[in-house]
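**Student:** First the structure, then my questions, so here it is.
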Amino acid sequence: MTEQFDAIIIGTGQAGPSLAQRMTREGMKTAIIERKLFGGTCVNIGCIPTKALVASARAAHMARRGGDFGVAIDGPITVDMKQVKARKDGIVEQSNNGVTNWLKTMENLSVFEGHGRLESANSVRVNGDLLHAEKIIFNVGGRAAVPDIPGLGDVEYLTNTTMMEVDFLPEHLIIIGGSYIGLEFAQMYRRFGSRVTVIEMGPKLIGREDDDISDSVREILESEGIDIRLNADCIAVARRDGRVTVTANCEPGVEDIVGSHVLLAVGRRPNSDDLGLDAAGVETDQRGYITVDDELRTNVPGIWAMGDVNGRGAFTQTSNNDYEILAANMFDGDPRRVSDRITNYGIFIDPPLGRVGMTEDQVRDLGRNALVGKMMMARIGRARERSETYGFMKILIDAETDGILGAAVLGISGEEVIHSLLDAMYADAPYSVIQRAVHIYPTVSELIPTMLGDLKPLE
Ligand SMILES: Cc1cc2nc3c(=O)[nH]c(=O)nc-3n(C[C@H](O)[C@H](O)[C@H](O)COP(=O)(O)OP(=O)(O)OC[C@H]3O[C@@H](n4cnc5c(N)ncnc54)[C@H](O)[C@@H]3O)c2cc1C
């Protein structure tokens with residue numbers, strides 16, 4: 001079949017379905033193509049399932065800590081992994097059904113299930129059909145990167161995708177990669193009851209964060225019994241006697257780690273290699289990310305790329321914002337730009353990290369005249385009342401403009417508390433606005449004005 005559309009969207013990640021809705025409401029005859037699961041990574045194998053699992057792990061952790069709060073729980077705390085997975089699957093199913101039904105009942109939208117590939121700058125083949133449109137938009141996301149580790153071909157390894165099928169407790173889970181995906185799995189499986197070792201190639205966990213954050217995260221994880229091996233510069237894996245052996249360092253005397261399962265969590269790669277980009281001359285960068293301008297246009301007129309595949313963000317919020325930018329420019333005459341976006345993300349270990357703007361290292365590298373404020377969670381009443389005093393909050397202020405350059409909240413509710421600072425940054429407000437604000441007591445946010453009252457020059 002050959003069919004003409006006004007627009008074709010390939011991929012149903014965090015931007016495509018919303019764009020389909022907007023386009024169809026604008027009267028455009030639209031096609032959307034999905035090769036696997038409606039809703040993409042976040043809904044099916046990313047944010048939603050992992051946060052559901054994190055919640056189960058926290059329940060186990062808090063049950064074990066019952067005694068700290070004067071709550072006696074007789075007998076050992078056990079985790080039923082089949083039930084943990086079933087709970088997670090139920091939550092995912094609800095979201096997946098929501099997106100699937102939304103798309104399949106959308107007026108003016110044709111849904112194709114299959115792999116979409118460009119045949120030219122204005123045509124896409126999916127299954128046996130050839131679709132034509134003047135506008136083509138990618139929202140194809142990425143997948144787990146599988147690095148070239150010696151011995152990997154001989155062992156069965158897990159990725160963030162196959163972890164979603166695990167309904168048993170690995171006796172000893174070895175995780176290669178100490179960034180956010182690896183650490184979320186590390187803590188949750190430790191709390192479920194596995195022995196866990198994290199192997200990280202760099203000199204610290206979550207390499208892009210400041211040293212004080214990495215150190216504090218390491219302390220939190222080690223306090224729960226997770227083994228962490230940094231500077232693993234010679235990683236190799238092997239299968240021996242039904243177990244997995246991972247070599248981290250090749251120096252003599254450094255022992256290998258022997259575990260029951262190995263999880264690869266060494267980053268993601270864009271789904272751009274099987275899109276037929278050459279047929280239209282769409283450019284990518286050296287790592288395979290589709291190159292886009294500030295309004296998400298590729299180098300080929302009539303083709304855009306949204307979400308993780310354009311390398312301008314790697315989060316649900318950035319993908320969704322890409323949709324907003326594209327729609328604003330296409331329909332509203334509103335020149336929204338990717339560069340207007342303020343960096344922000346959460347790391348959902350427990351306690352979580354909320355981050356906005358620049359790190360302290362980045363501010364230093366820029367040589368900015370800056371002020372810094374820091375407050376330990378142990379000083380915050382709310383954290384003490386809840387006996388969860390790990391972490392700290394930190395803020396960087398431009399000493400000339402009084403604007404907020406960046407902030408981090410590692411501690412209870414950190415992923416929520418960070419938003420008062422993020423919103424002030426979007427409002428381009430000087431820090432004194434928050435310093436003078438009266439916050440609710442007892443909360444974690446309540447200490448932000450206090451922290452702002454005690455700024456020191458960044459040395
Ligand atoms: C374990 C894990 C945890 C995460 N946790 C968080 C979190 O807590 N918070 C957060 O903000 N982000 C998180 N992320 C990242 C987040 O999932 C992504 O940033 C988000 O899903 C945005 O992706 P996207 O819109 O670019 O596309 P995706 O969600 O990746 O969807 C792309 C879709 O396109 C389809 N597709 C690809 N190629 C084709 C083709 N040729 N034809 C047809 N269909 C195709 C795919 O099947 C997929 O359904 C996590 C990711 C992982 C892996």
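Residues in the structure tokens are numbered from 1 in each chain, the chains being A, B, ... in the order shown, and ligands are numbered from 1 in the order shown.
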From a DSSP pass on the backbone, collect the residues of segment 20-201 of chain A flagged as strand (DSSP E or B) and hand them back as an NGL selection string.

**Tutor:** :A and (30-34 or 109-113 or 116-120 or 123-126 or 129-132 or 135-138 or 142-144 or 158 or 172-176 or 195-199)

**Student:** Can you work out which residues are within 6 Å of ligand 1, considering only C-alpha atoms and all ligand atoms, and then hand them over as a PyMOL selection string?

**Tutor:** chain A and resi 10-15+33-42+46-47+50+114-117+139-142+160+181+271+275+307-309+314-317+319

**Student:** So which one's closest to Glu93 of chain A, A:Pro49, A:Pro352, A:Gly128, A:Gly411? Using only C-alpha atoms, please.

**Tutor:**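 The shortest atom-to-atom distance to Glu93 of chain A comes from A:Pro49.
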
**Student:** Can you work out the spacing between atom CA of Ile235 of chain A and atom CA of Gly193 of chain A in Å, to one decimal?

**Tutor:** 25.6 Å

**Student:** Need to verify the contact set: Leu421 of chain A, 12 Å, only C-alpha atoms, exclusion of same-chain residues closer than 6 positions in sequence. Can you return it as a PyMOL selection string?

**Tutor:** chain A and resi 342+344+354-357+393-397+403-409+414-415+427-435+437+445+448-449+452

**Student:** Keeping only N, CA, C and O atoms, write the selected residues to a file as a short mmCIF file (atom, residue, chain, number, x, y, z; two decimals), in the first residue's frame.

**Tutor:**
data_model
loop_
_atom_site.label_atom_id
_atom_site.label_comp_id
_atom_site.auth_asym_id
_atom_site.auth_seq_id
_atom_site.Cartn_x
_atom_site.Cartn_y
_atom_site.Cartn_z
N ILE A 342 16.88 24.57 31.05
CA ILE A 342 17.86 24.51 32.14
C ILE A 342 18.08 23.04 32.49
O ILE A 342 17.12 22.30 32.72
N ASN A 344 18.35 19.72 34.16
CA ASN A 344 17.86 19.19 35.45
C ASN A 344 17.61 17.70 35.34
O ASN A 344 17.28 17.20 34.28
N GLY A 354 18.49 15.49 43.49
CA GLY A 354 17.86 16.40 42.53
C GLY A 354 18.93 17.39 42.09
O GLY A 354 19.64 17.94 42.93
N ARG A 355 19.06 17.60 40.79
CA ARG A 355 20.13 18.47 40.28
C ARG A 355 19.58 19.49 39.30
O ARG A 355 18.73 19.16 38.47
N VAL A 356 20.07 20.72 39.37
CA VAL A 356 19.76 21.72 38.34
C VAL A 356 21.02 22.50 37.98
O VAL A 356 21.90 22.70 38.83
N GLY A 357 21.06 22.97 36.75
CA GLY A 357 22.11 23.88 36.30
C GLY A 357 23.50 23.30 36.39
O GLY A 357 23.72 22.11 36.20
N MET A 393 22.57 19.68 50.85
CA MET A 393 22.14 20.52 49.73
C MET A 393 23.21 21.56 49.47
O MET A 393 23.92 21.98 50.38
N LYS A 394 23.31 21.96 48.22
CA LYS A 394 24.39 22.88 47.84
C LYS A 394 23.87 23.81 46.76
O LYS A 394 23.11 23.37 45.89
N ILE A 395 24.29 25.06 46.81
CA ILE A 395 23.84 26.01 45.78
C ILE A 395 25.00 26.89 45.33
O ILE A 395 25.88 27.22 46.14
N LEU A 396 25.00 27.25 44.06
CA LEU A 396 26.04 28.13 43.50
C LEU A 396 25.37 29.37 42.94
O LEU A 396 24.41 29.28 42.18
N ILE A 397 25.88 30.52 43.36
CA ILE A 397 25.28 31.80 42.98
C ILE A 397 26.29 32.63 42.21
O ILE A 397 27.47 32.67 42.58
N GLY A 403 22.15 35.67 40.42
CA GLY A 403 21.35 34.57 39.85
C GLY A 403 21.86 33.22 40.32
O GLY A 403 23.02 33.08 40.72
N ILE A 404 20.98 32.22 40.28
CA ILE A 404 21.37 30.87 40.68
C ILE A 404 22.03 30.17 39.48
O ILE A 404 21.45 30.11 38.40
N LEU A 405 23.23 29.68 39.69
CA LEU A 405 23.95 28.99 38.61
C LEU A 405 23.68 27.50 38.61
O LEU A 405 23.67 26.87 37.55
N GLY A 406 23.49 26.95 39.78
CA GLY A 406 23.26 25.51 39.86
C GLY A 406 22.99 25.11 41.29
O GLY A 406 23.26 25.88 42.23
N ALA A 407 22.45 23.91 41.46
CA ALA A 407 22.18 23.42 42.82
C ALA A 407 22.04 21.91 42.81
O ALA A 407 21.76 21.30 41.76
N ALA A 408 22.24 21.34 43.98
CA ALA A 408 22.06 19.89 44.15
C ALA A 408 21.41 19.67 45.50
O ALA A 408 21.77 20.32 46.48
N VAL A 409 20.42 18.78 45.54
CA VAL A 409 19.86 18.37 46.83
C VAL A 409 19.94 16.85 46.88
O VAL A 409 19.20 16.15 46.19
N GLY A 414 14.88 15.08 47.89
CA GLY A 414 15.76 15.93 47.07
C GLY A 414 15.21 16.17 45.68
O GLY A 414 15.36 17.26 45.12
N GLU A 415 14.55 15.13 45.10
CA GLU A 415 14.06 15.26 43.73
C GLU A 415 12.87 16.22 43.65
O GLU A 415 12.55 16.73 42.59
N ALA A 427 12.52 31.73 36.39
CA ALA A 427 11.99 33.09 36.55
C ALA A 427 13.11 34.13 36.48
O ALA A 427 12.84 35.33 36.51
N ASP A 428 14.34 33.64 36.40
CA ASP A 428 15.51 34.53 36.35
C ASP A 428 15.54 35.44 37.57
O ASP A 428 15.91 36.61 37.49
N ALA A 429 15.13 34.88 38.69
CA ALA A 429 15.04 35.67 39.93
C ALA A 429 16.37 35.63 40.69
O ALA A 429 17.05 34.61 40.68
N PRO A 430 16.73 36.72 41.35
CA PRO A 430 17.92 36.67 42.20
C PRO A 430 17.67 35.75 43.40
O PRO A 430 16.52 35.57 43.82
N TYR A 431 18.73 35.22 43.97
CA TYR A 431 18.57 34.26 45.06
C TYR A 431 17.86 34.87 46.26
O TYR A 431 17.22 34.17 47.05
N SER A 432 17.94 36.22 46.37
CA SER A 432 17.33 36.87 47.54
C SER A 432 15.81 36.64 47.59
O SER A 432 15.20 36.69 48.66
N VAL A 433 15.19 36.37 46.43
CA VAL A 433 13.74 36.10 46.41
C VAL A 433 13.44 34.87 47.27
O VAL A 433 12.51 34.86 48.07
N ILE A 434 14.27 33.84 47.12
CA ILE A 434 14.03 32.61 47.91
C ILE A 434 14.54 32.81 49.33
O ILE A 434 13.95 32.30 50.28
N GLN A 435 15.59 33.56 49.47
CA GLN A 435 16.13 33.77 50.81
C GLN A 435 15.09 34.44 51.71
O GLN A 435 15.00 34.18 52.90
N ALA A 437 11.80 34.26 51.20
CA ALA A 437 10.53 33.53 51.20
C ALA A 437 10.35 32.77 52.52
O ALA A 437 11.32 32.35 53.14
N SER A 445 12.68 21.85 52.37
CA SER A 445 12.77 23.14 51.67
C SER A 445 12.94 24.31 52.64
O SER A 445 13.49 25.36 52.27
N ILE A 448 16.32 25.97 52.84
CA ILE A 448 16.94 26.64 51.68
C ILE A 448 17.20 28.12 51.98
O ILE A 448 18.31 28.62 51.75
N PRO A 449 16.22 28.87 52.51
CA PRO A 449 16.51 30.28 52.83
C PRO A 449 17.67 30.41 53.82
O PRO A 449 18.50 31.32 53.70
N LEU A 452 20.85 30.01 52.03
CA LEU A 452 21.15 31.20 51.21
C LEU A 452 21.62 32.38 52.05
O LEU A 452 22.21 33.33 51.52
#

**Student:** Please extract the residues of segment 187-334 of chain A with a backbone DSSP assignment of alpha helix (DSSP H) and present them as a ChimeraX atom specification.

**Tutor:** /A:187-192,211-223,316-331

**Student:** When you look at Ser216 of chain A with a cut-off of 12 Å (counting only C-alpha atoms), what residues show up, excluding the ones that are within fewer than 6 positions of it in the same chain? I need them as a list in words.

**Tutor:** Lys204, Leu205, Ile206, Glu209, Asp210, Glu222, Ser223, Ile349, Asp350, Pro351, Pro352, Leu353, Met376, Met377, Thr389, Tyr390, Gly391, Phe392, Met393, Val409, Leu410 and Gly411 of chain A

**Student:** For Met23 of chain A, list every protein, DNA or RNA residue within 10 Å, evaluated using only C-alpha atoms, and leave out those in the same chain fewer than 3 positions away; present the list as JSON, numbers by chain.

**Tutor:** {"A": [6, 7, 17, 18, 19, 20, 26, 27, 28, 29, 30, 108, 109, 327, 330, 331]}

**Student:** Which residues come within 10 Å of Ser179 of chain A, counting only C-alpha atoms, excluding same-chain residues fewer than 5 positions away, as a PyMOL selection string?

**Tutor:** chain A and resi 184+198+200+204-209+214+265-267+347

**Student:** Those same residues, written as a short mmCIF file (atom, residue, chain, number, x, y, z; two decimals), in the first residue's frame with N, CA, C and O atoms?

**Tutor:**
data_model
loop_
_atom_site.label_atom_id
_atom_site.label_comp_id
_atom_site.auth_asym_id
_atom_site.auth_seq_id
_atom_site.Cartn_x
_atom_site.Cartn_y
_atom_site.Cartn_z
N GLU A 184 20.83 2.76 40.65
CA GLU A 184 19.45 2.48 41.07
C GLU A 184 19.23 0.97 41.21
O GLU A 184 18.65 0.50 42.18
N VAL A 198 29.41 -3.15 42.53
CA VAL A 198 29.40 -2.19 41.42
C VAL A 198 30.84 -1.99 40.96
O VAL A 198 31.72 -1.71 41.77
N GLU A 200 33.13 0.28 38.50
CA GLU A 200 33.10 1.53 37.75
C GLU A 200 34.51 1.81 37.20
O GLU A 200 35.49 1.72 37.91
N LYS A 204 35.43 7.76 40.22
CA LYS A 204 34.34 8.01 41.17
C LYS A 204 33.01 7.57 40.57
O LYS A 204 32.89 7.41 39.35
N LEU A 205 32.02 7.41 41.42
CA LEU A 205 30.67 7.09 40.94
C LEU A 205 30.08 8.33 40.26
O LEU A 205 30.47 9.46 40.57
N ILE A 206 29.07 8.11 39.40
CA ILE A 206 28.40 9.19 38.65
C ILE A 206 29.40 10.32 38.33
O ILE A 206 29.37 11.41 38.90
N GLY A 207 30.28 9.98 37.36
CA GLY A 207 31.43 10.82 37.04
C GLY A 207 31.16 12.29 36.79
O GLY A 207 32.03 13.12 37.04
N ARG A 208 29.93 12.64 36.32
CA ARG A 208 29.72 14.05 35.98
C ARG A 208 29.41 14.91 37.22
O ARG A 208 29.36 16.13 37.12
N GLU A 209 29.19 14.26 38.37
CA GLU A 209 28.85 15.04 39.57
C GLU A 209 30.11 15.52 40.29
O GLU A 209 31.19 14.96 40.11
N SER A 214 29.50 12.56 44.65
CA SER A 214 29.90 11.17 44.38
C SER A 214 30.31 10.47 45.67
O SER A 214 29.93 9.32 45.91
N ALA A 265 25.55 -1.80 32.69
CA ALA A 265 24.87 -0.49 32.80
C ALA A 265 25.90 0.59 32.48
O ALA A 265 26.30 1.37 33.32
N VAL A 266 26.33 0.56 31.23
CA VAL A 266 27.44 1.45 30.84
C VAL A 266 26.97 2.52 29.85
O VAL A 266 27.76 3.03 29.07
N GLY A 267 25.69 2.85 29.90
CA GLY A 267 25.22 3.94 29.06
C GLY A 267 24.29 3.45 27.97
O GLY A 267 23.97 2.25 27.87
N ILE A 347 18.36 11.51 40.34
CA ILE A 347 18.90 10.15 40.43
C ILE A 347 18.13 9.50 41.58
O ILE A 347 18.17 10.00 42.71
#

**Student:** Smallest atom-to-atom distance to Phe168 of chain A: which of A:Phe5, A:Phe185, A:Phe192, A:Trp102, using only C-alpha atoms?

**Tutor:** A:Phe192

**Student:** Can you pull out the residues contacting Gln286 of chain A? Cut-off 12 Å, using only C-alpha atoms, and skip same-chain residues under 6 positions away; I want them as a list of chain:residue names.

**Tutor:** A:Arg269, A:Pro270, A:Ser272, A:Asp273, A:Gly311

**Student:** Got time to write the residues from that selection, N, CA, C and O atoms, as a PDB file, in the first residue's frame?

**Tutor:**
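So the final result, stored in selection34.pdb, reads:
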ATOM      1  N   ARG A 269      22.848   4.040  23.728  1.00  0.00           N
ATOM      2  CA  ARG A 269      23.224   4.506  22.393  1.00  0.00           C
ATOM      3  C   ARG A 269      21.958   4.804  21.592  1.00  0.00           C
ATOM      4  O   ARG A 269      20.914   4.183  21.810  1.00  0.00           O
ATOM      5  N   PRO A 270      22.049   5.753  20.660  1.00  0.00           N
ATOM      6  CA  PRO A 270      20.840   6.170  19.937  1.00  0.00           C
ATOM      7  C   PRO A 270      20.375   5.140  18.911  1.00  0.00           C
ATOM      8  O   PRO A 270      21.200   4.456  18.304  1.00  0.00           O
ATOM      9  N   SER A 272      19.640   5.164  15.869  1.00  0.00           N
ATOM     10  CA  SER A 272      19.685   5.892  14.594  1.00  0.00           C
ATOM     11  C   SER A 272      20.315   5.069  13.485  1.00  0.00           C
ATOM     12  O   SER A 272      20.296   5.470  12.324  1.00  0.00           O
ATOM     13  N   ASP A 273      20.876   3.900  13.846  1.00  0.00           N
ATOM     14  CA  ASP A 273      21.635   3.149  12.848  1.00  0.00           C
ATOM     15  C   ASP A 273      20.768   2.347  11.888  1.00  0.00           C
ATOM     16  O   ASP A 273      21.252   1.876  10.867  1.00  0.00           O
ATOM     17  N   GLY A 311      20.459  13.629  21.130  1.00  0.00           N
ATOM     18  CA  GLY A 311      21.621  13.891  21.981  1.00  0.00           C
ATOM     19  C   GLY A 311      21.558  15.208  22.733  1.00  0.00           C
ATOM     20  O   GLY A 311      22.530  15.611  23.369  1.00  0.00           O
TER      21      GLY A 311
END
